[in-house]
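To keep things clear, I will list the structure first and then write my remarks on it.
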Amino acid sequence: MDTIISYLDNMFASLPNTRQMRELKDELFNNMEDKYYELKQAGKSENEAIGIVISEFGNIDEIIEEFGLSEIKDEEAKQVLTESEVDNYLHSTRTASKWIGVGAVLCILGSAVLVLIIGLMESGLLKISEEIGVLAGISILLVFVATAVGLFIYGGLKLDKFKHIGSKGNFDLSYQVRERIEDEKRAFQPTFMLTLIIGVVLIILSPVVLFTLLTFGENFAIFSVVIMLILVSIAVYLFVYFGSVYDAYNRLLKTKKANGWTNQDHNEERMNDAVASIIWPLAVIIFLISGFIYHLWHINWIIFPIAALISAMFSGAYAILGRKDK
Amino acid sequence: MISSDVIRGYNDTIILYLLLEKESYGYEISKKIKELSDEKYVIKETTLYSAFNRLMKNGYIESFHQKQTHGKKRTYYKITGLGLQYYQEKCQEWKLTKEVINRFIKEEFL
């Protein structure tokens, strides 16, 4: 029986992996299986049975010709996604972006905890030695960041198997599925817009909170930083989660906005990644050194907004320059 | 044993004849062909399914899925009104073909 299976696999290996071909292959396999068992029952030996089944298979070129596969055989065949594959993709995107969002929040909250501990120590509310406080703060930060990295990897792996949808766009949707996704996207649009607005408002409000609290006195400085970071982290979560889900709809529908597979955007993404991978660790290093060696804990948090500004400037400038080149 | 080249133009006729009797699926049809031809013609799998595809495209047959009694999901085919019309044309065509070819056949070699 294995011989027949691998024979059939070989015959279909060069054909496009469409649903029609998969169904045909199943059908042929059923026939060959029935024929094989009937021949064995009729007293044929294993080899005779396999020989007859295979000799009566015919020529795969007939299928290629009749099903009009010769033209598409060379170019990369587009896979038509089934409804359950689409559901699976959307579901995985939701789960993955939830955890990636939580990871991003953890990174920000980690620094908030560090700032908070130092603030509590300086204001005398937390009576521990400075070294222990800083050590505890940094340990918590590292634990948060490590958890976040774990979540990023988990989320990334979850989406990895959907590469053909997410980054290559090498698929087609049936008419009904497309309609359904369009409806779902339309239903999701108000939620997406609302969370986008809330996120932007939170980001804009966060420095306002900072400055308002600062007017109450120096003591509030650190708590206002904590509040600012919490507001930012909520905004980041909203952006990551709702943004990814919206993006998933766009990728399925191949709307222009989500053309993540064009070269331009791809380069931009890589540039952003490269800049971020330099700026953020550098910011943390400056933060730690200025704190430990120069005892600038009260002011050195400013590093992080500055780093954010710089990376935003880089990606913005790169995007504009890149577009001009074209 | 008939070579598949000679019979090519009449696979459709054979399949439609069998589907006229009752709706059926691939393997059953190929078994019937073997049986009715006294094992003188065995249709290849690929030939059979190419013919199904062609007949479907022309609207001569329709397919539907059905589970067999012992559990296997099969694609069943049934003939349409258009298919019946086509079958009748093919029968007429065969009558003519037989007449014409017979005129070129020497009795003594049969």
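Each chain in the structure tokens gets a letter, A, B and so on, in the order shown; residues start at 1 in every chain, and ligands are counted from 1 in the order they appear.
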Neighbouring residues of stretch 172-187 of chain A were defined as those with any atom within 7 Å, considering only C-alpha atoms; residues of the same chain fewer than 2 positions away were excluded. Please report them as a VMD selection string. chain A and resid 78 to 81 83 189 to 190 249 253
Write out, as a short mmCIF file (atom, residue, chain, number, x, y, z; two decimals), in the first residue's frame, the residues just selected, with N, CA and C atoms.
data_model
loop_
_atom_site.label_atom_id
_atom_site.label_comp_id
_atom_site.auth_asym_id
_atom_site.auth_seq_id
_atom_site.Cartn_x
_atom_site.Cartn_y
_atom_site.Cartn_z
N LYS A 78 -1.14 29.89 -6.95
CA LYS A 78 -1.68 30.55 -5.77
C LYS A 78 -2.63 29.61 -5.07
N GLN A 79 -2.49 29.59 -3.77
CA GLN A 79 -3.33 28.70 -2.99
C GLN A 79 -4.62 29.42 -2.64
N VAL A 80 -5.72 28.74 -2.82
CA VAL A 80 -7.00 29.32 -2.41
C VAL A 80 -7.22 28.93 -0.95
N LEU A 81 -7.37 29.95 -0.11
CA LEU A 81 -7.51 29.66 1.32
C LEU A 81 -8.93 29.19 1.62
N GLU A 83 -12.11 28.52 4.28
CA GLU A 83 -12.67 29.35 5.34
C GLU A 83 -12.00 29.06 6.68
N GLN A 189 -14.19 48.24 11.88
CA GLN A 189 -13.65 49.58 11.62
C GLN A 189 -13.94 50.61 12.73
N PRO A 190 -15.20 50.72 13.20
CA PRO A 190 -15.45 51.71 14.26
C PRO A 190 -14.62 51.45 15.51
N TYR A 249 -6.97 41.86 8.60
CA TYR A 249 -8.07 41.96 7.63
C TYR A 249 -7.53 42.51 6.31
N LEU A 253 -7.50 40.83 2.58
CA LEU A 253 -8.19 41.46 1.45
C LEU A 253 -7.20 42.08 0.48
#
Would you give me, as a tab-separated table, each residue of chain A having an atom within 10 Å of an atom of chain B, along with its shortest atom pair and that distance in Å to one decimal, using only C-alpha atoms and sorting by chain and residue number?
residue	atom	partner	partner_atom	distance
A:Glu23	CA	B:Thr75	CA	9.3
A:Leu24	CA	B:Tyr49	CA	8.1
A:Asp26	CA	B:Arg74	CA	9.3
A:Glu27	CA	B:Arg74	CA	6.9
A:Leu28	CA	B:Glu45	CA	7.2
A:Asn30	CA	B:Lys72	CA	7.8
A:Asn31	CA	B:Tyr27	CA	5.3
A:Met32	CA	B:Tyr27	CA	8.3
A:Asp34	CA	B:Tyr27	CA	8.0
A:Lys35	CA	B:Tyr27	CA	8.0
A:Val53	CA	B:Glu45	CA	9.5
A:Ile54	CA	B:Glu45	CA	9.6
A:Ser55	CA	B:Lys44	CA	8.3
A:Glu56	CA	B:Lys44	CA	5.0
A:Phe57	CA	B:Glu45	CA	4.8
A:Gly58	CA	B:Lys44	CA	4.9
A:Asn59	CA	B:Thr46	CA	6.1
A:Ile60	CA	B:Thr46	CA	6.4
A:Asp61	CA	B:Thr46	CA	8.5
A:Glu62	CA	B:Thr46	CA	6.3
A:Ile63	CA	B:Ser50	CA	5.8
A:Ile64	CA	B:Ser50	CA	9.0
A:Glu65	CA	B:Ser50	CA	8.5
A:Glu66	CA	B:Ser50	CA	5.6
A:Phe67	CA	B:Asn53	CA	7.2
Report as a PyMOL selection string all protein, DNA and RNA residues lying within 10 Å of B:Glu89, evaluated on only C-alpha atoms, omitting residues in the same chain fewer than 6 positions from it. chain B and resi 13+83+95
Selected residues written out, all heavy atoms, as a compact mmCIF listing (two decimals), in the first residue's frame:
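Okay, again-v2.txt is ready:
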# COMPACT_ATOMS: atom_id res chain seq x y z
N THR B 13 -18.79 8.50 -24.55
CA THR B 13 -20.00 7.72 -24.84
C THR B 13 -20.16 6.57 -23.84
O THR B 13 -21.26 6.33 -23.32
CB THR B 13 -19.91 7.13 -26.26
OG1 THR B 13 -19.39 8.15 -27.12
CG2 THR B 13 -21.25 6.68 -26.76
N GLY B 83 -26.55 16.11 -21.31
CA GLY B 83 -25.70 14.93 -21.48
C GLY B 83 -26.41 13.85 -22.29
O GLY B 83 -25.79 13.19 -23.14
N LYS B 95 -22.88 5.30 -35.50
CA LYS B 95 -23.55 4.56 -36.57
C LYS B 95 -22.91 4.94 -37.91
O LYS B 95 -22.58 4.06 -38.72
CB LYS B 95 -25.04 4.95 -36.57
CG LYS B 95 -25.90 4.07 -37.43
CD LYS B 95 -27.35 4.55 -37.38
CE LYS B 95 -28.10 4.06 -38.59
NZ LYS B 95 -29.18 4.97 -38.97
Smallest atom-to-atom distance to A:Phe242: which of A:Ile285, A:Ile5, A:Ala112, A:Met193, using only C-alpha atoms?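 Checking each candidate against A:Phe242, we get A:Met193 as the closest.
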Closest of A:His91, A:Ser311, A:Ile203, A:Tyr154 to A:Ser233 - atom-to-atom distances counting only C-alpha atoms: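 Of A:His91, A:Ser311, A:Ile203, A:Tyr154, the one nearest A:Ser233 is A:Ile203, counting only C-alpha atoms.
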Which polymer residues have any atom within 8 Å of an atom of B:Thr80, counting only C-alpha atoms, with same-chain residues fewer than 2 positions away left out, as a PyMOL selection string? chain B and resi 59-62+78+82-84
Those residues you just picked out, can you put them in a file as a PDB file, in the first residue's frame with all heavy atoms?
ATOM      1  N   GLY B  59     -21.207  20.537 -19.151  1.00  0.00           N
ATOM      2  CA  GLY B  59     -22.542  20.451 -18.566  1.00  0.00           C
ATOM      3  C   GLY B  59     -23.257  19.153 -18.872  1.00  0.00           C
ATOM      4  O   GLY B  59     -24.483  19.077 -18.742  1.00  0.00           O
ATOM      5  N   TYR B  60     -22.539  18.112 -19.281  1.00  0.00           N
ATOM      6  CA  TYR B  60     -23.186  16.838 -19.612  1.00  0.00           C
ATOM      7  C   TYR B  60     -23.405  15.975 -18.376  1.00  0.00           C
ATOM      8  O   TYR B  60     -24.270  15.109 -18.369  1.00  0.00           O
ATOM      9  CB  TYR B  60     -22.339  16.052 -20.627  1.00  0.00           C
ATOM     10  CG  TYR B  60     -22.150  16.778 -21.936  1.00  0.00           C
ATOM     11  CD1 TYR B  60     -21.009  16.594 -22.703  1.00  0.00           C
ATOM     12  CD2 TYR B  60     -23.140  17.650 -22.414  1.00  0.00           C
ATOM     13  CE1 TYR B  60     -20.839  17.263 -23.902  1.00  0.00           C
ATOM     14  CE2 TYR B  60     -22.977  18.324 -23.615  1.00  0.00           C
ATOM     15  CZ  TYR B  60     -21.826  18.125 -24.357  1.00  0.00           C
ATOM     16  OH  TYR B  60     -21.660  18.790 -25.523  1.00  0.00           O
ATOM     17  N   ILE B  61     -22.585  16.192 -17.375  1.00  0.00           N
ATOM     18  CA  ILE B  61     -22.788  15.460 -16.119  1.00  0.00           C
ATOM     19  C   ILE B  61     -22.656  16.433 -14.948  1.00  0.00           C
ATOM     20  O   ILE B  61     -22.127  17.539 -15.108  1.00  0.00           O
ATOM     21  CB  ILE B  61     -21.779  14.291 -15.918  1.00  0.00           C
ATOM     22  CG1 ILE B  61     -20.347  14.816 -15.918  1.00  0.00           C
ATOM     23  CG2 ILE B  61     -21.978  13.227 -16.969  1.00  0.00           C
ATOM     24  CD1 ILE B  61     -19.318  13.755 -15.524  1.00  0.00           C
ATOM     25  N   GLU B  62     -23.156  15.994 -13.790  1.00  0.00           N
ATOM     26  CA  GLU B  62     -23.032  16.787 -12.558  1.00  0.00           C
ATOM     27  C   GLU B  62     -22.423  15.891 -11.491  1.00  0.00           C
ATOM     28  O   GLU B  62     -22.606  14.676 -11.535  1.00  0.00           O
ATOM     29  CB  GLU B  62     -24.413  17.239 -12.076  1.00  0.00           C
ATOM     30  CG  GLU B  62     -24.984  18.391 -12.855  1.00  0.00           C
ATOM     31  CD  GLU B  62     -26.452  18.625 -12.524  1.00  0.00           C
ATOM     32  OE1 GLU B  62     -27.047  17.799 -11.793  1.00  0.00           O
ATOM     33  OE2 GLU B  62     -26.981  19.617 -13.008  1.00  0.00           O
ATOM     34  N   LYS B  78     -23.804  12.213 -12.142  1.00  0.00           N
ATOM     35  CA  LYS B  78     -25.081  11.850 -12.781  1.00  0.00           C
ATOM     36  C   LYS B  78     -25.246  12.648 -14.063  1.00  0.00           C
ATOM     37  O   LYS B  78     -24.756  13.769 -14.194  1.00  0.00           O
ATOM     38  CB  LYS B  78     -26.236  12.016 -11.807  1.00  0.00           C
ATOM     39  CG  LYS B  78     -26.777  13.391 -11.613  1.00  0.00           C
ATOM     40  CD  LYS B  78     -28.030  13.279 -10.760  1.00  0.00           C
ATOM     41  CE  LYS B  78     -28.644  14.653 -10.559  1.00  0.00           C
ATOM     42  NZ  LYS B  78     -28.911  14.971  -9.192  1.00  0.00           N
ATOM     43  N   LEU B  82     -28.722  17.726 -20.975  1.00  0.00           N
ATOM     44  CA  LEU B  82     -27.781  18.060 -22.037  1.00  0.00           C
ATOM     45  C   LEU B  82     -26.899  16.854 -22.371  1.00  0.00           C
ATOM     46  O   LEU B  82     -26.591  16.583 -23.537  1.00  0.00           O
ATOM     47  CB  LEU B  82     -26.910  19.214 -21.556  1.00  0.00           C
ATOM     48  CG  LEU B  82     -26.387  20.206 -22.585  1.00  0.00           C
ATOM     49  CD1 LEU B  82     -27.531  20.854 -23.325  1.00  0.00           C
ATOM     50  CD2 LEU B  82     -25.529  21.260 -21.885  1.00  0.00           C
ATOM     51  N   GLY B  83     -26.546  16.114 -21.309  1.00  0.00           N
ATOM     52  CA  GLY B  83     -25.699  14.926 -21.479  1.00  0.00           C
ATOM     53  C   GLY B  83     -26.407  13.850 -22.288  1.00  0.00           C
ATOM     54  O   GLY B  83     -25.792  13.195 -23.141  1.00  0.00           O
ATOM     55  N   LEU B  84     -27.691  13.700 -22.008  1.00  0.00           N
ATOM     56  CA  LEU B  84     -28.476  12.697 -22.731  1.00  0.00           C
ATOM     57  C   LEU B  84     -28.520  13.037 -24.226  1.00  0.00           C
ATOM     58  O   LEU B  84     -28.319  12.169 -25.087  1.00  0.00           O
ATOM     59  CB  LEU B  84     -29.898  12.646 -22.162  1.00  0.00           C
ATOM     60  CG  LEU B  84     -30.884  11.718 -22.883  1.00  0.00           C
ATOM     61  CD1 LEU B  84     -30.430  10.270 -22.778  1.00  0.00           C
ATOM     62  CD2 LEU B  84     -32.297  11.870 -22.316  1.00  0.00           C
TER      63      LEU B  84
END
